[in-house]
Each structure stands twice: as C-alpha cells, then as structure tokens.
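Student: Attaching a single structure in structure tokens format; questions to follow.
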Amino acid sequence: MKFTKMHGCGNDYVYVNCLQEEVRHPDKVAVYVSDRHFGIGADGLILIHPSDKADFRMAMYNADGSQGQMCGNGIRCVAKYVYDYGLTDKEVITIETLAGIKTLYLTVENGKVSMVKVNMGAPELTPAKIPVTLGAEKCVDEPIVVQGKEYRITGVSMGNPHAVVFVDDTASLPLEQIGPGFEHHEVFPERVNTEFIQVLSPKEVNMRVWERGSGETLACGTGTCASVVAGVLNDKTKNEVLVHLLGGDLRILYDTEENTVWMTGPATVVFDGVIDTTEIDVP
C-alpha cells in the first residue's frame with residue numbers, strides 16, 4: 001500500500017490515495033499503521049476517495065480503528081495532498097465528509113499548498129444531536145463529575161462531539177489520567193473529544209485535547225472550532241481567536257451572524273512510503 005504521512009499542527013495521519021489504491025478493512029489497517037512502534041506511527045488513517053457530490057471524499061479512522069465523522073487538521077492535509085500531488089489544479093475545492101461537504105480555500109506558494117482555510121459549517125448545540133445528556137436547549141457550563149472531581153463542560157458538535165472545559169493552566173493537567181474518564185463518561189453516548197482551554201486573553205488561548213479513539217494528540221481542528229464557539233457562549237473569548245496547540249497554532253473565526261466557523265492553518269507532508277498490509281488486508 002502506497003501512503004503519504006502528513007500532519008496539521010502535529011496531528012498526524014497516514015493518507016492513502018484511493019483513486020489508485022484499494023484499502024480493504026480500513027479499520028484494521030488504521031490500527032496497524034497507527035502503531036508508533038510496529039507501524040508507521042499516526043493518530044489514524046485518512047483515505048482520499050472520488051465523490052459524486054464534491055471534488056473528493058474523505059474517510060477518517062482513528063488509531064483504534066473507529067471511524068470518525070470529521071477531522072479539521074486532516075481535511076486541510078487532504079486539500080494539500082490533492083493539489084500538491086496533481087489530483088486537482090483548483091485553489092477552491094469541496095470535500096465530502098460524514099459531517100457534510102466542506103469548502104476549502106488553498107494558499108499556494110511556489111506550486112505547493114502552504115495554508116488552508118476551511119469553512120467548517122455551523123456548530124451543533126442541541127444536546128441530543130451532539131450527543132450529550134446534559135442541558136436542555138444547550139449544554140453550556142454544565143457540571144460533570146469525573147474521577148471524583150467536578151468540572152464544567154460546554155457541549156458542541158462540529159460533525160463530531162466535543163466537551164470544552166476551561167481551566168486555569170493546561171500545562172499541569174494530568175491528561176493521561178483524566179482523559180479516559182471524559183471520553184467514556186456515561187453522559188456521552190458516542191464518547192467525546194475533550195478540549196481543555198486556558199484563556200490567555202479574549203483573542204488568544206492555550207488548548208490541550210483528548211481525542212476519542214486516539215488519546216492525547218498534538219492538535220484537533222474540530223476541537224479548536226468547538227472551543228472558540230464555547231468561548232463565545234461562555235463570554236470568555238471574542239469570536240476570532242488564535243489557538244495555541246502542542247503542535248502549532250490555528251486561527252479560528254466564529255461568524256456569529258452567519259453561524260459559521262472558519263479554520264485557518266498549515267498542512268505538511270512528512271514522507272511518502274510503501275507498507276505491506278497483506279497480513280491484515282484479507283477477505
């Protein structure tokens with residue numbers, strides 16, 4: 001199987017061009033390639049398919065083999081891949097995802113994509129549609145007990161479920177200990193991605209994230225979007241925020257008039273390669 005490893009702010013995935021390759025059992029392949037000791041090493045697997053609804057279709061699998069609806073960092077890398085590898089010459093493209101069709105605007109320098117701006121669509125705030133079992137019309141600043149300690153969460157879906165928690169300091173969080181407690185908490189029927197946000201100013205925050213199916217990652221694009229929406233809902237930030245992640249920075253704009261979230265950030269190719277998947281890619 002030919003592949004390209006790419007990352008957006010350190011959120012790394014293995015990308016496969018399924019216009020040329022066939023990947024059977026992508027859930028098993030995702031687990032295999034994601035292993036950082038015995039595989040390629042990644043937060044998951046992203047497949048680039050043709051689409052009859054958009055320019056391309058993206059299928060995303062977490063490191064544990066579970067399928068995700070959407071990945072903000074991943075979709076930027078898909079945009080870079082299809083342009084840099086000659087699958088399109090368009091600088092505005094559409095990509096079909098399980099969370100709908102997204103429009104991406106490419107910044108091209110010296111024939112390569114350097115930055116991508118993504119229309120991430122409208123945030124979903126209805127608890128049953130996130131899903132989360134807290135809150136009535138919205139889940140904003142709701143109490144939750146995790147491992148004996150009370151936290152307050154704001155629930156947002158950006159095509160996948162997020163719980164945003166505001167904290168005094170992200171650096172000192174014992175995320176490996178508390179992350180699974182949020183992910184598997186009974187109030188999240190489909191598990192959850194949890195963002196921990198330290199507000200530096202109304203226009204700047206630090207963020208760490210525990211992603212369902214992958215654990216702590218260096219960045220989460222949909223999570224940054226959900227966090228800025230939560231910042232506005234809780235009167236903690238403005239609607240345009242620079243988000244500092246462990247792997248880099250993303251700029252998020254929550255257009256409250258249009259109820260649309262925009263994400264701008266980089267996408268990087270790490271290397272191309274070939275890996276033998278015959279042991280797992282069986283009927």
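Naming works like this for the structure tokens: A, B, ... for the chains as they're shown, residue 1 at the start of each chain, ligands 1 onward in shown order.
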At a cut-off of 9 Å, using only C-alpha atoms, what residues contact A:Tyr32? Leave out same-chain residues fewer than 2 positions from it and give the result as a list in words.

Tutor: Asp27, Lys28, Val29, Ala30, Ser34, Asp35, Phe38, Gly39, Ile40, Gly41, Ala63, Gly65, Thr277 and Ile280 of chain A

Student: To test your reading of the structure, identify every residue in stretch 49-160 of chain A that backbone DSSP assigns to helix (DSSP H, G or I), and report it as a ChimeraX atom specification.

Tutor: /A:72-84,127-129

Student: Counting only C-alpha atoms, what is within 12 Å of A:Gln69, bar same-chain residues fewer than 5 positions away, as a ChimeraX atom specification?

Tutor: /A:46,57-62,74-75,96-101,157-161,190,212,222

Student: Between A:Leu200, A:Met70, A:Val270, A:Val192, which has the minimum distance to A:Thr4 (counting only C-alpha atoms)?

Tutor: A:Val270

Student: From the list A:Asn17, A:Gln67, A:Asn234, A:Thr194, which residue is nearest A:Ile48 when using only C-alpha atoms?

Tutor: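 Checking each of A:Asn17, A:Gln67, A:Asn234, A:Thr194 against A:Ile48, counting only C-alpha atoms, the winner is A:Asn17.
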
Student: Could you check which of A:Leu134, A:Leu250, A:Leu104, A:Leu233 is closest to A:Lys117, using only C-alpha atoms?

Tutor: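 Going through A:Leu134, A:Leu250, A:Leu104, A:Leu233 one by one, the smallest distance to A:Lys117 is for A:Leu104.
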
Student: Between A:Glu240, A:Glu186, A:Glu176, A:Glu279, which is the closest to A:Thr264 once you count only C-alpha atoms?

Tutor: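 Using only C-alpha atoms, the shortest distance to A:Thr264 belongs to A:Glu240.
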
Student: Would you return as a list in words the members of stretch 4-49 of chain A that DSSP assigns to strand (DSSP E or B) on this structure's backbone?

Tutor: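 Taking stretch 4-49 of chain A and keeping strand (DSSP E or B) only, one gets Thr4, Lys5, Met6, His7, Gly8, Asn11, Asp12, Tyr13, Val14, Tyr15, Val16, Asn17, Gly44, Leu45, Ile46, Leu47, Ile48 and His49 of chain A.
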
Student: Taking 5 positions as the minimum chain separation for residues in the same chain, which residues sit within 8 Å of A:Asp84 when counting only C-alpha atoms? Answer as a ChimeraX atom specification.

Tutor: /A:111-113

Student: Deliver the residues from the most recent selection as a file, using N, CA and C atoms, as a tab-separated table (two decimals), in the first residue's frame.

Tutor:
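Listed below is the output, out_14.tsv:
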```tsv
chain	number	residue	atom	x	y	z
A	111	GLY	N	4.01	26.69	-6.08
A	111	GLY	CA	3.41	25.47	-6.58
A	111	GLY	C	2.95	24.48	-5.53
A	112	LYS	N	3.09	24.84	-4.25
A	112	LYS	CA	2.68	23.95	-3.16
A	112	LYS	C	1.72	24.67	-2.22
A	113	VAL	N	0.82	23.92	-1.62
A	113	VAL	CA	-0.12	24.49	-0.66
A	113	VAL	C	0.59	24.72	0.67
```
